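The next block is work_22.cif, given as mmCIF, C-alpha atoms.
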```cif
data_my_file
loop_
_atom_site.label_atom_id
_atom_site.label_comp_id
_atom_site.auth_asym_id
_atom_site.auth_seq_id
_atom_site.Cartn_x
_atom_site.Cartn_y
_atom_site.Cartn_z
CA MET A 1 -16.78 6.96 69.40
CA ALA A 2 -13.81 9.26 68.81
CA ASP A 3 -14.04 11.59 71.82
CA ALA A 4 -11.61 14.13 73.25
CA ARG A 5 -9.03 11.40 73.65
CA ALA A 6 -9.06 10.80 69.94
CA GLU A 7 -5.34 11.01 69.81
CA LEU A 8 -4.09 9.69 66.56
CA ARG A 9 -1.66 6.84 66.25
CA VAL A 10 -0.27 6.29 62.79
CA PHE A 11 1.04 2.79 62.27
CA PRO A 12 4.61 2.18 61.31
CA VAL A 13 4.85 0.84 57.79
CA ALA A 14 4.71 -2.94 57.74
CA GLU A 15 8.04 -4.65 57.32
CA ASP A 16 7.45 -6.58 54.09
CA LEU A 17 5.70 -3.71 52.36
CA ALA A 18 8.15 -1.07 53.55
CA HIS A 19 11.02 -2.99 52.03
CA PRO A 20 9.96 -3.56 48.49
CA SER A 21 11.73 -6.19 46.50
CA ALA A 22 14.85 -5.25 44.57
CA LEU A 23 12.79 -5.77 41.45
CA GLU A 24 10.16 -3.27 42.51
CA ARG A 25 12.85 -0.76 43.40
CA GLU A 26 14.44 -1.20 40.00
CA VAL A 27 11.14 -0.63 38.22
CA VAL A 28 10.36 2.45 40.30
CA GLU A 29 13.82 3.83 39.57
CA GLN A 30 13.23 3.37 35.87
CA PHE A 31 9.85 5.02 36.31
CA ASP A 32 11.47 8.06 37.92
CA GLN A 33 14.00 8.33 35.11
CA MET A 34 11.74 7.63 32.17
CA ARG A 35 8.21 8.76 33.02
CA GLU A 36 8.53 12.30 31.72
CA ARG A 37 10.26 11.25 28.53
CA LEU A 38 7.65 8.63 27.77
CA LEU A 39 4.83 11.04 28.61
CA ARG A 40 6.21 13.64 26.20
CA TYR A 41 6.61 11.06 23.49
CA LEU A 42 3.06 9.82 24.00
CA LEU A 43 1.63 13.34 24.00
CA GLY A 44 2.82 13.46 20.40
CA PHE A 45 0.13 10.86 19.64
CA GLY A 46 -2.54 13.46 20.33
CA LEU A 47 -3.75 11.59 23.42
CA SER A 48 -4.98 13.29 26.58
CA MET A 49 -2.62 13.63 29.54
CA GLN A 50 -4.73 11.14 31.48
CA ASP A 51 -4.52 8.56 28.72
CA CYS A 52 -0.77 9.07 28.50
CA GLU A 53 -0.37 8.56 32.26
CA GLU A 54 -2.37 5.35 32.06
CA ILE A 55 -0.23 4.07 29.22
CA VAL A 56 2.91 4.88 31.19
CA GLN A 57 1.51 2.88 34.14
CA GLU A 58 0.77 -0.06 31.86
CA THR A 59 4.23 0.19 30.36
CA PHE A 60 5.95 -0.07 33.74
CA LEU A 61 3.72 -2.89 34.91
CA ALA A 62 4.73 -4.68 31.72
CA LEU A 63 8.36 -3.94 32.60
CA PHE A 64 7.84 -5.44 36.05
CA ARG A 65 6.40 -8.61 34.52
CA HIS A 66 9.13 -8.66 31.89
CA LEU A 67 11.86 -8.58 34.55
CA GLN A 68 9.96 -10.90 36.87
CA ARG A 69 10.07 -13.53 34.15
CA GLY A 70 13.82 -13.10 34.01
CA ARG A 71 13.81 -11.58 30.52
CA SER A 72 16.68 -9.53 29.15
CA ARG A 73 17.75 -6.25 30.74
CA ARG A 74 19.53 -5.20 27.59
CA ASN A 75 18.50 -1.74 26.42
CA LEU A 76 15.52 -1.26 28.71
CA ARG A 77 15.17 2.31 27.50
CA GLY A 78 14.47 1.16 23.95
CA TRP A 79 12.19 -1.57 25.30
CA LEU A 80 10.14 0.97 27.28
CA PHE A 81 9.71 3.25 24.29
CA ARG A 82 8.67 0.32 22.12
CA VAL A 83 6.02 -0.88 24.58
CA ALA A 84 4.72 2.66 25.19
CA HIS A 85 4.63 3.26 21.43
CA ASN A 86 2.55 0.16 20.78
CA LEU A 87 0.17 0.88 23.66
CA GLY A 88 -0.12 4.47 22.43
CA LEU A 89 -1.07 3.33 18.94
CA ARG A 90 -3.66 0.92 20.30
CA LYS A 91 -5.11 3.55 22.60
CA ARG A 92 -5.43 6.01 19.78
CA GLN A 93 -7.17 3.51 17.57
CA ARG A 94 -9.73 2.95 20.30
CA THR A 95 -10.13 6.67 20.92
CA ARG A 96 -10.69 7.28 17.21
CA LEU A 97 -13.23 4.50 17.05
CA MET A 98 -15.10 6.04 19.98
CA GLU A 99 -14.99 9.42 18.29
CA GLU A 100 -16.46 7.96 15.14
CA ILE A 101 -19.27 6.46 17.16
CA GLY A 102 -19.61 9.87 18.76
CA ASP A 103 -19.25 8.38 22.20
CA SER A 104 -16.62 10.65 23.61
CA VAL A 105 -14.58 13.60 22.56
CA ILE A 106 -10.82 13.43 22.55
CA ASP A 107 -9.18 15.78 24.99
CA PRO A 108 -6.27 17.18 23.04
CA THR A 109 -3.29 18.50 24.90
CA PRO A 110 -3.11 22.25 24.77
CA ASN A 111 -1.14 23.65 21.90
CA PRO A 112 2.31 24.71 23.14
CA GLU A 113 1.80 27.98 21.29
CA ASP A 114 -0.96 28.90 23.70
CA GLN A 115 1.10 28.00 26.73
CA PHE A 116 4.39 29.74 26.14
CA SER A 117 5.71 32.86 24.65
CA ILE A 118 7.91 31.50 21.92
CA SER A 119 10.06 33.09 19.29
CA GLN A 120 8.97 33.59 15.69
CA THR A 121 11.44 30.96 14.53
CA GLN A 122 10.11 28.47 17.04
CA LYS A 123 6.60 29.26 15.89
CA ARG A 124 7.56 28.51 12.32
CA LEU A 125 9.34 25.37 13.47
CA LEU A 126 6.23 24.25 15.34
CA ALA A 127 4.17 24.73 12.22
CA VAL A 128 6.67 22.65 10.25
CA LEU A 129 6.68 19.91 12.88
CA ASP A 130 2.89 19.85 12.94
CA ALA A 131 2.84 19.42 9.21
CA LEU A 132 5.33 16.55 9.19
CA PRO A 133 4.05 13.05 8.55
CA GLU A 134 3.52 11.40 11.91
CA GLN A 135 6.17 8.75 11.50
CA ASP A 136 8.75 11.38 10.50
CA ARG A 137 7.94 13.40 13.61
CA ARG A 138 8.33 10.32 15.79
CA CYS A 139 11.75 9.63 14.30
CA LEU A 140 12.78 13.12 15.26
CA SER A 141 11.40 13.00 18.76
CA LEU A 142 12.94 9.60 19.50
CA ARG A 143 16.26 10.87 18.22
CA ALA A 144 15.83 13.92 20.45
CA GLU A 145 15.34 11.47 23.33
CA GLY A 146 18.83 10.23 22.61
CA LEU A 147 17.92 6.91 21.03
CA ARG A 148 20.19 5.44 18.42
CA TYR A 149 19.02 5.16 14.85
CA ARG A 150 18.93 1.39 15.08
CA GLU A 151 16.74 1.60 18.17
CA ILE A 152 14.41 4.05 16.44
CA ALA A 153 14.04 1.70 13.50
CA GLU A 154 13.19 -1.11 15.89
CA ILE A 155 10.66 0.87 17.95
CA LEU A 156 8.84 2.20 14.91
CA ASP A 157 9.14 -1.10 13.06
CA MET A 158 10.91 0.54 10.12
CA SER A 159 14.06 -0.24 8.18
CA LEU A 160 17.13 1.82 8.87
CA GLY A 161 16.78 3.18 5.36
CA GLY A 162 13.24 4.25 6.22
CA VAL A 163 14.47 6.15 9.25
CA ALA A 164 17.14 7.81 7.11
CA LEU A 165 14.53 8.88 4.56
CA ALA A 166 12.14 10.17 7.23
CA LEU A 167 14.86 12.18 8.90
CA GLY A 168 16.11 13.42 5.56
CA ARG A 169 12.65 14.80 4.76
CA SER A 170 12.30 16.45 8.17
CA LEU A 171 15.77 17.92 7.99
CA ALA A 172 15.11 19.52 4.67
CA ARG A 173 11.96 21.19 5.97
CA ILE A 174 13.52 22.29 9.24
CA ALA A 175 16.55 23.67 7.42
CA ARG A 176 14.23 25.83 5.30
CA VAL A 177 12.72 27.33 8.48
CA ALA A 178 16.15 28.08 9.90
CA GLU A 179 17.10 29.94 6.73
CA GLN A 180 14.10 32.25 6.85
CA MET S 181 30.17 9.83 -4.57
CA HIS S 182 28.80 11.20 -1.30
CA ILE S 183 27.96 9.32 1.88
CA SER S 184 24.35 8.22 2.19
CA ASP S 185 22.18 9.58 5.01
CA GLN S 186 21.95 6.09 6.42
CA GLU S 187 25.69 5.69 6.64
CA LEU S 188 26.05 9.16 8.12
CA MET S 189 23.54 8.29 10.83
CA LEU S 190 25.30 5.07 11.69
CA ALA S 191 28.61 6.92 11.76
CA LEU S 192 27.10 9.47 14.18
CA ASP S 193 26.06 6.61 16.44
CA GLY S 194 29.44 4.94 16.12
CA GLU S 195 27.75 1.85 14.75
CA LEU S 196 29.64 1.39 11.51
CA PRO S 197 32.03 -1.53 11.21
CA ALA S 198 35.61 -0.33 11.66
CA GLN S 199 36.47 -0.54 7.98
CA ASP S 200 33.42 1.48 6.88
CA ALA S 201 33.96 3.97 9.68
CA ALA S 202 37.49 4.63 8.46
CA ARG S 203 36.25 5.17 4.89
CA VAL S 204 33.47 7.52 6.04
CA ASN S 205 35.86 9.54 8.21
CA ALA S 206 38.33 9.84 5.37
CA HIS S 207 35.58 11.06 3.09
CA LEU S 208 34.23 13.53 5.65
CA ALA S 209 37.70 14.99 6.13
CA GLU S 210 37.72 16.16 2.53
CA CYS S 211 34.05 16.68 1.64
CA TRP S 212 32.32 19.87 2.72
CA THR S 213 28.99 18.71 1.36
CA CYS S 214 28.88 15.64 3.59
CA ARG S 215 30.19 17.50 6.62
CA ALA S 216 27.50 20.12 6.14
CA ARG S 217 24.90 17.37 5.80
CA ARG S 218 26.05 15.80 9.05
CA GLN S 219 25.90 19.18 10.75
CA GLU S 220 22.41 19.73 9.36
CA MET S 221 21.26 16.46 10.91
CA GLU S 222 22.60 17.38 14.30
CA ASN S 223 21.20 20.91 14.11
CA ALA S 224 17.70 19.72 13.26
CA ILE S 225 17.66 17.44 16.28
CA ALA S 226 19.05 20.25 18.42
CA ASP S 227 16.26 22.59 17.24
CA PHE S 228 13.75 19.96 18.12
CA VAL S 229 15.28 19.41 21.56
CA ARG S 230 15.16 23.15 22.26
CA MET S 231 11.45 23.42 21.53
CA PRO S 232 9.45 24.53 24.58
CA LYS S 233 7.96 21.59 26.42
CA PRO S 234 4.51 21.45 27.97
CA PRO S 235 4.52 21.16 31.77
CA LEU S 236 3.76 17.70 33.15
CA PRO S 237 1.87 16.76 36.31
CA PRO S 238 4.03 15.74 39.30
CA ALA S 239 5.14 12.12 39.54
CA ASP S 240 4.15 11.41 43.17
CA GLY S 241 0.62 10.17 42.56
CA PRO S 242 1.47 8.04 39.53
CA ARG S 243 4.48 6.60 41.35
CA ALA S 244 2.38 5.62 44.36
CA LEU S 245 -0.17 4.05 42.05
CA LEU S 246 2.50 2.06 40.24
CA LYS S 247 3.81 0.71 43.55
CA ALA S 248 0.32 -0.28 44.65
CA GLN S 249 -0.27 -2.05 41.36
CA ILE S 250 3.03 -3.90 41.59
CA ALA S 251 2.09 -4.95 45.13
CA GLN S 252 -1.13 -6.30 43.73
CA LEU S 253 0.67 -8.26 41.02
CA ASN S 254 2.76 -9.80 43.80
CA VAL S 255 -0.34 -10.74 45.77
CA HIS S 256 -1.78 -12.50 42.76
CA ARG S 257 1.50 -14.27 42.18
CA ASP S 258 1.68 -15.44 45.81
CA ILE S 259 -1.78 -16.90 45.56
CA ALA S 260 -0.84 -18.81 42.44
CA TRP S 261 2.40 -20.03 43.98
CA GLN S 262 0.94 -21.33 47.22
CA ASN S 263 -1.76 -23.25 45.46
CA ARG S 264 0.61 -24.72 42.99
CA TRP S 265 0.96 -27.92 44.96
CA VAL S 266 -2.69 -28.47 45.53
CA ALA S 267 -3.23 -30.87 42.67
CA ALA S 268 -7.00 -30.58 42.54
CA GLY S 269 -6.90 -26.82 42.47
CA ILE S 270 -4.24 -26.28 39.87
CA GLY S 271 -6.35 -26.25 36.74
CA ALA S 272 -9.12 -24.09 38.14
CA LEU S 273 -6.69 -21.72 39.73
CA LEU S 274 -4.62 -21.18 36.61
CA ILE S 275 -7.75 -20.47 34.66
CA SER S 276 -9.02 -18.02 37.25
CA ALA S 277 -5.58 -16.39 37.48
CA GLY S 278 -5.63 -16.06 33.72
CA LEU S 279 -9.07 -14.50 33.83
CA MET S 280 -7.97 -12.21 36.61
CA ILE S 281 -4.95 -11.00 34.67
CA GLY S 282 -7.02 -10.69 31.53
CA GLN S 283 -9.61 -8.70 33.36
CA PHE S 284 -6.89 -6.60 34.94
CA TRP S 285 -5.47 -5.80 31.52
CA ARG S 286 -8.81 -4.82 30.13
CA GLN S 287 -9.66 -2.68 33.07
CA SER S 288 -6.28 -1.14 33.50
CA SER S 289 -6.73 0.72 30.26
CA ARG S 290 -9.43 2.77 31.97
CA VAL S 291 -9.15 2.16 35.68
CA MET S 292 -6.26 1.24 37.94
CA VAL S 293 -7.00 -1.78 40.10
CA VAL S 294 -6.06 -1.24 43.73
CA THR S 295 -6.42 -4.22 46.06
CA VAL S 296 -3.83 -3.36 48.66
CA PRO S 297 -3.11 0.17 49.82
CA ASP S 298 0.21 1.88 49.30
CA PRO S 299 1.86 1.50 52.75
CA LYS S 300 3.49 4.91 52.48
CA LEU S 301 0.20 6.67 51.81
CA THR S 302 -1.99 4.43 53.93
CA PRO S 303 -0.06 2.84 56.80
CA GLY S 304 -3.23 2.73 58.94
CA ALA S 305 -4.19 5.00 61.83
CA THR S 306 -6.26 4.44 64.97
CA VAL S 307 -7.85 6.48 67.71
CA LEU S 308 -6.88 5.42 71.24
CA LEU S 309 -9.74 3.32 72.50
CA SER S 310 -9.84 0.43 74.91
CA PRO S 311 -11.20 -2.92 73.70
CA ARG S 312 -14.23 -2.32 75.93
CA GLU S 313 -14.95 1.01 74.24
CA VAL S 314 -14.54 -0.58 70.83
CA CYS S 315 -16.86 -3.45 71.68
CA SER S 316 -19.52 -1.34 73.40
CA ALA S 317 -19.77 1.11 70.50
CA SER S 318 -22.56 0.20 68.17
CA SER S 319 -20.83 -1.23 65.18
CA ALA S 320 -19.57 1.62 63.01
CA LYS S 321 -19.79 -0.46 59.89
CA ASN S 322 -20.34 1.17 56.51
CA LYS S 323 -19.54 4.53 57.98
CA THR S 324 -19.35 6.96 55.09
CA VAL S 325 -16.15 8.84 54.47
CA PRO S 326 -16.48 12.65 54.38
CA VAL S 327 -16.42 13.98 50.82
CA ALA S 328 -13.44 16.28 51.40
CA LEU S 329 -11.42 13.36 52.72
CA ARG S 330 -12.44 11.15 49.80
CA LYS S 331 -11.17 13.80 47.44
CA LYS S 332 -7.83 13.93 49.24
CA VAL S 333 -7.47 10.16 49.06
CA PHE S 334 -8.05 10.17 45.29
CA GLU S 335 -5.56 12.97 44.89
CA ALA S 336 -2.94 11.17 46.97
CA TYR S 337 -3.34 8.05 44.81
CA GLY S 338 -3.30 10.05 41.60
CA ILE S 339 -6.77 8.95 40.58
CA SER S 340 -8.24 11.44 38.20
CA ARG S 341 -11.65 12.93 38.51
CA ALA S 342 -13.03 10.83 35.68
CA GLU S 343 -12.56 7.50 37.46
CA PRO S 344 -13.52 7.78 41.15
CA HIS S 345 -16.77 5.89 40.66
CA ALA S 346 -14.64 2.77 40.14
CA TYR S 347 -13.42 2.85 43.74
CA GLU S 348 -14.76 2.68 47.21
CA VAL S 349 -12.79 4.81 49.63
CA ASP S 350 -12.35 2.30 52.43
CA TYR S 351 -10.94 2.42 55.92
CA LEU S 352 -7.81 0.30 56.15
CA ILE S 353 -8.48 -0.29 59.86
CA THR S 354 -12.25 -0.24 60.21
CA PRO S 355 -13.73 2.22 62.74
CA ALA S 356 -15.35 -0.85 64.28
CA LEU S 357 -11.81 -1.79 65.38
CA GLY S 358 -10.75 1.72 66.40
CA GLY S 359 -9.62 2.91 62.96
CA ALA S 360 -9.38 6.68 62.53
CA ASP S 361 -11.06 9.11 60.14
CA ASP S 362 -7.68 10.05 58.84
CA ILE S 363 -6.01 10.20 55.45
CA HIS S 364 -3.43 7.69 56.72
CA ASN S 365 -6.21 5.20 57.25
CA LEU S 366 -8.05 5.57 53.96
CA TRP S 367 -7.40 4.13 50.53
CA PRO S 368 -9.26 3.67 47.27
CA GLN S 369 -10.24 0.03 46.95
CA SER S 370 -11.21 -1.07 43.45
CA TYR S 371 -14.63 -2.45 42.82
CA ALA S 372 -12.97 -4.10 39.87
CA ASP S 373 -11.10 -6.71 41.90
CA THR S 374 -13.42 -9.65 42.17
CA VAL S 375 -11.27 -11.81 44.43
CA TRP S 376 -9.89 -9.73 47.30
CA ASN S 377 -12.66 -7.16 47.32
CA ALA S 378 -14.30 -4.99 49.96
CA GLN S 379 -16.81 -7.70 50.93
CA VAL S 380 -13.99 -10.11 51.74
CA LYS S 381 -12.29 -7.47 53.84
CA ASP S 382 -15.57 -6.82 55.69
CA ASP S 383 -15.70 -10.52 56.61
CA LEU S 384 -12.22 -10.33 58.06
CA GLU S 385 -13.11 -7.21 60.05
CA ASP S 386 -16.23 -8.84 61.52
CA HIS S 387 -14.23 -11.93 62.44
CA LEU S 388 -11.41 -9.98 64.11
CA ARG S 389 -13.87 -7.79 66.02
CA ALA S 390 -15.64 -10.88 67.32
CA LEU S 391 -12.30 -12.32 68.45
CA VAL S 392 -11.31 -9.05 70.16
CA CYS S 393 -14.65 -8.70 71.92
CA ALA S 394 -14.54 -12.35 73.03
CA GLY S 395 -11.16 -11.60 74.62
CA LYS S 396 -9.39 -14.01 72.28
CA LEU S 397 -7.36 -11.42 70.43
CA ASP S 398 -5.55 -8.29 71.51
CA LEU S 399 -7.03 -5.14 69.92
CA GLY S 400 -3.59 -3.76 69.01
CA THR S 401 -2.70 -7.03 67.29
CA ALA S 402 -5.91 -7.00 65.29
CA GLN S 403 -5.22 -3.44 64.17
CA ARG S 404 -1.64 -4.23 63.22
CA GLU S 405 -2.59 -7.34 61.27
CA ILE S 406 -5.11 -5.47 59.16
CA ALA S 407 -2.84 -2.48 58.64
CA GLY S 408 0.18 -4.58 57.76
CA ASN S 409 -1.28 -6.94 55.18
CA TRP S 410 -4.99 -7.50 55.27
CA ILE S 411 -4.93 -10.28 52.71
CA GLY S 412 -2.27 -12.07 54.73
CA ALA S 413 -4.40 -11.62 57.85
CA TYR S 414 -7.41 -13.08 56.07
CA LYS S 415 -5.45 -16.16 55.08
CA LYS S 416 -4.13 -16.51 58.62
CA TYR S 417 -7.37 -16.09 60.55
CA PHE S 418 -9.57 -18.01 58.15
CA HIS S 419 -6.94 -20.68 57.47
CA THR S 420 -7.43 -20.42 53.73
CA ASP S 421 -5.63 -19.13 50.69
CA ARG S 422 -8.73 -17.88 48.95
CA PRO S 423 -11.72 -15.89 50.09
CA ARG S 424 -14.49 -18.12 51.37
#
```
Whole structure, structure tokens version:
Amino acid sequence: MADARAELRVFPVAEDLAHPSALEREVVEQFDQMRERLLRYLLGFGLSMQDCEEIVQETFLALFRHLQRGRSRRNLRGWLFRVAHNLGLRKRQRTRLMEEIGDSVIDPTPNPEDQFSISQTQKRLLAVLDALPEQDRRCLSLRAEGLRYREIAEILDMSLGGVALALGRSLARIARVAEQ
Amino acid sequence: MHISDQELMLALDGELPAQDAARVNAHLAECWTCRARRQEMENAIADFVRMPKPPLPPADGPRALLKAQIAQLNVHRDIAWQNRWVAAGIGALLISAGLMIGQFWRQSSRVMVVTVPDPKLTPGATVLLSPREVCSASSAKNKTVPVALRKKVFEAYGISRAEPHAYEVDYLITPALGGADDIHNLWPQSYADTVWNAQVKDDLEDHLRALVCAGKLDLGTAQREIAGNWIGAYKKYFHTDRPR
């Protein structure tokens, strides 16, 4: 059917789809700003890159619905981390359950040590970070993402005092590495 | 008496009430221990920030997928909205919409549901054929898409290797209406969508082809309608809001 005259005509993008709603644009803008940060945070859960990408998709679809319903735009950054955090926890529970059943094997993200040449100090730091209790490490990484302590407490469902304690513990250990 | 870690943190964030902030600042001005502690907090975060970061995959595919999924949410919402006034249908529709969203949530943890193509990736493409050529060709229905092209489509939509079995790579404009074997005319349609699925789209294509070949519809118009918004075209040509 497509003979020598099979000259291709690509359609112009349809009007209503080419001009996405302001809401869609807003969500995609947030996606562009926040995707990498959320991905890195989620990788800390020990999930595969693919799982993390899926969670990020779910998170932004939830954001779209959230805004579509006219809910608050206050502190969307904290909101996104909270949703991603909860989805990440749920995903990991499921993955662990599957592992116990022996259904599938978790695909851990490669150890940064294998991927980069890093300094001795950084190596020691990595070891310290790996050994930190999970919640303590999350406090650190959320703080490193620029979130306020109050926001961190909210995302991780902890008291402010709890965040202070967690950070205090991490700081002490990190300080010891720095002194070596 | 030194400042607690908690108060120090709030002070760093500027979240202390004015009175407390003044007290903390006054204390910091004369207490090396607390100043050092504050510095320690900042340094630890800085060390963490400086840690090497693993490389991440590019955002293009995931962004396109997000847009397509948002478009789908809008389609579902439109359906619900238009039927809102049909008294008899309300109950059933809300339940089915609920099921649809529920199903979407369950599936989206493993598989992205794609009902409408991303217009930037798949605007539609045709080969130049006259209506007579289109109608005289034996129907090119269920033409299989070359494997290499399928792979490209999945890549463009950011669908990972683990999931492709959940999608049919479909022509946006069917070859039976002059659609081209081209990446611009192909998209991954979810099997998971039970309402606006590939079978429904096939019905529309058959109907439009019959209209074109009976001289009742311009071929270019048929192509544009499908490429622009196939669900909208279905509703228009079948005079219905839901698949028959």
Counting only C-alpha atoms, which residue out of S:Arg312, S:Lys415, S:Lys381, S:Arg422 sits closest to chain A?
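Smallest distance to chain A is found for S:Arg312.
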Could you name the residues that touch range 364-371 of chain S at 10 Å or less, counting all atoms listed in the file, but leaving out those on the same chain fewer than 6 positions away, as JSON, numbers by chain?
{"A": [9, 10, 11], "S": [291, 292, 293, 294, 295, 296, 297, 298, 299, 300, 301, 302, 303, 304, 305, 306, 325, 329, 330, 332, 333, 334, 336, 337, 339, 344, 345, 346, 347, 348, 349, 350, 351, 352, 353, 354, 355, 377, 378, 379, 407]}
As a list in words, please: the residues near range 389-391 of chain S (cut-off 9 Å, only C-alpha atoms, same-chain neighbours under 3 positions excluded).
Val314, Cys315, Ala356, Leu357, Leu384, Glu385, Asp386, Ala394, Gly395, Lys396, Leu397, Asp398, Leu399 and Ala402 of chain S
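Taking CA of Lys233 in chain S and CA of Arg40 in chain A as the two end points, the separation is 8.1 Å.
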Explicit residues for the PyMOL selection byres ((chain A and resi 75-90) around 9) (as a JSON list (two decimals) with C-alpha atoms, in the coordinates of the input):
```json
[["chain", "number", "residue", "atom", "x", "y", "z"],
["A", 30, "GLN", "CA", 13.23, 3.37, 35.87],
["A", 34, "MET", "CA", 11.74, 7.63, 32.17],
["A", 38, "LEU", "CA", 7.65, 8.63, 27.77],
["A", 41, "TYR", "CA", 6.61, 11.06, 23.49],
["A", 42, "LEU", "CA", 3.06, 9.82, 24.00],
["A", 45, "PHE", "CA", 0.13, 10.86, 19.64],
["A", 47, "LEU", "CA", -3.75, 11.59, 23.42],
["A", 51, "ASP", "CA", -4.52, 8.56, 28.72],
["A", 52, "CYS", "CA", -0.77, 9.07, 28.50],
["A", 55, "ILE", "CA", -0.23, 4.07, 29.22],
["A", 56, "VAL", "CA", 2.91, 4.88, 31.19],
["A", 58, "GLU", "CA", 0.77, -0.06, 31.86],
["A", 59, "THR", "CA", 4.23, 0.19, 30.36],
["A", 60, "PHE", "CA", 5.95, -0.07, 33.74],
["A", 62, "ALA", "CA", 4.73, -4.68, 31.72],
["A", 63, "LEU", "CA", 8.36, -3.94, 32.60],
["A", 72, "SER", "CA", 16.68, -9.53, 29.15],
["A", 73, "ARG", "CA", 17.75, -6.25, 30.74],
["A", 74, "ARG", "CA", 19.53, -5.20, 27.59],
["A", 91, "LYS", "CA", -5.11, 3.55, 22.60],
["A", 92, "ARG", "CA", -5.43, 6.01, 19.78],
["A", 93, "GLN", "CA", -7.17, 3.51, 17.57],
["A", 94, "ARG", "CA", -9.73, 2.95, 20.30],
["A", 95, "THR", "CA", -10.13, 6.67, 20.92],
["A", 142, "LEU", "CA", 12.94, 9.60, 19.50],
["A", 147, "LEU", "CA", 17.92, 6.91, 21.03],
["A", 151, "GLU", "CA", 16.74, 1.60, 18.17],
["A", 152, "ILE", "CA", 14.41, 4.05, 16.44],
["A", 154, "GLU", "CA", 13.19, -1.11, 15.89],
["A", 155, "ILE", "CA", 10.66, 0.87, 17.95],
["A", 156, "LEU", "CA", 8.84, 2.20, 14.91]]
```
Go through the shown structure with the PyMOL selection byres ((chain S and resi 193) around 12) and write out the matching residues as a PDB file with C-alpha atoms, keeping the file's coordinate frame.
```pdb
ATOM      1  CA  ARG A 143      16.260  10.870  18.220  1.00  0.00           C
ATOM      2  CA  GLY A 146      18.830  10.230  22.610  1.00  0.00           C
ATOM      3  CA  LEU A 147      17.920   6.910  21.030  1.00  0.00           C
ATOM      4  CA  ARG A 148      20.190   5.440  18.420  1.00  0.00           C
ATOM      5  CA  TYR A 149      19.020   5.160  14.850  1.00  0.00           C
ATOM      6  CA  ARG A 150      18.930   1.390  15.080  1.00  0.00           C
ATOM      7  CA  GLU A 151      16.740   1.600  18.170  1.00  0.00           C
ATOM      8  CA  ILE A 152      14.410   4.050  16.440  1.00  0.00           C
TER       9      ILE A 152
ATOM     10  CA  GLN S 186      21.950   6.090   6.420  1.00  0.00           C
ATOM     11  CA  GLU S 187      25.690   5.690   6.640  1.00  0.00           C
ATOM     12  CA  LEU S 188      26.050   9.160   8.120  1.00  0.00           C
ATOM     13  CA  MET S 189      23.540   8.290  10.830  1.00  0.00           C
ATOM     14  CA  LEU S 190      25.300   5.070  11.690  1.00  0.00           C
ATOM     15  CA  ALA S 191      28.610   6.920  11.760  1.00  0.00           C
ATOM     16  CA  LEU S 192      27.100   9.470  14.180  1.00  0.00           C
ATOM     17  CA  GLY S 194      29.440   4.940  16.120  1.00  0.00           C
ATOM     18  CA  GLU S 195      27.750   1.850  14.750  1.00  0.00           C
ATOM     19  CA  LEU S 196      29.640   1.390  11.510  1.00  0.00           C
ATOM     20  CA  PRO S 197      32.030  -1.530  11.210  1.00  0.00           C
ATOM     21  CA  ALA S 201      33.960   3.970   9.680  1.00  0.00           C
ATOM     22  CA  ARG S 218      26.050  15.800   9.050  1.00  0.00           C
ATOM     23  CA  GLU S 222      22.600  17.380  14.300  1.00  0.00           C
TER      24      GLU S 222
END
```
Determine the nearest neighbour of chain A from the options S:His182, S:His207, S:Lys247, S:Lys331, counting only C-alpha atoms.
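Closest candidate: S:Lys247.
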Could you work out how far CA of Pro238 in chain S lies from CA of Asp361 in chain S, giving the answer in Å with one decimal?
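Pair CA of Asp361 in chain S / CA of Pro238 in chain S returns 26.6 Å.
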For each of A:Leu43, A:Val163, A:Val128, A:Val28, take the minimum atom-to-atom distance to Phe64 in chain A, counting only C-alpha atoms, then give the residue where this is smallest.
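Answer, going by the shortest atom-to-atom distance: A:Val28.
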Edge lengths and centre in Å, axis-aligned, range 72-81 of chain A plus 5 Å each side, as JSON:
```
{"center_x": 14.6, "center_y": -3.1, "center_z": 27.3, "size_x": 19.8, "size_y": 22.8, "size_z": 16.8}
```
Residue nearest chain S among A:Gln120, A:Gln135, A:Gln57, A:Gln68 (counting all atoms listed in the file)
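Once distances to chain S are computed over all atoms listed in the file, the minimum belongs to A:Gln57.
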What is the CA of Leu388 in chain S to CA of Ala244 in chain S distance in Å?
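Interatomic distance, CA of Leu388 in chain S to CA of Ala244 in chain S: 28.7 Å.
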Nearest candidate to chain S (options A:His66, A:Arg96, A:Arg71, A:Arg25; using all atoms listed in the file):
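The closest residue to chain S is A:Arg25.
Using only C-alpha atoms, the smallest distance between any of A:Asp157, A:Glu24, A:Glu53, A:Glu99 and Cys139 in chain A comes from A:Asp157.
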Got a sec: who's within 8 Å of Leu167 in chain A, counting all atoms listed in the file, leaving out chain neighbours fewer than 5 positions off, as a PyMOL selection string?
(chain A and resi 136+139-140) or (chain S and resi 221)
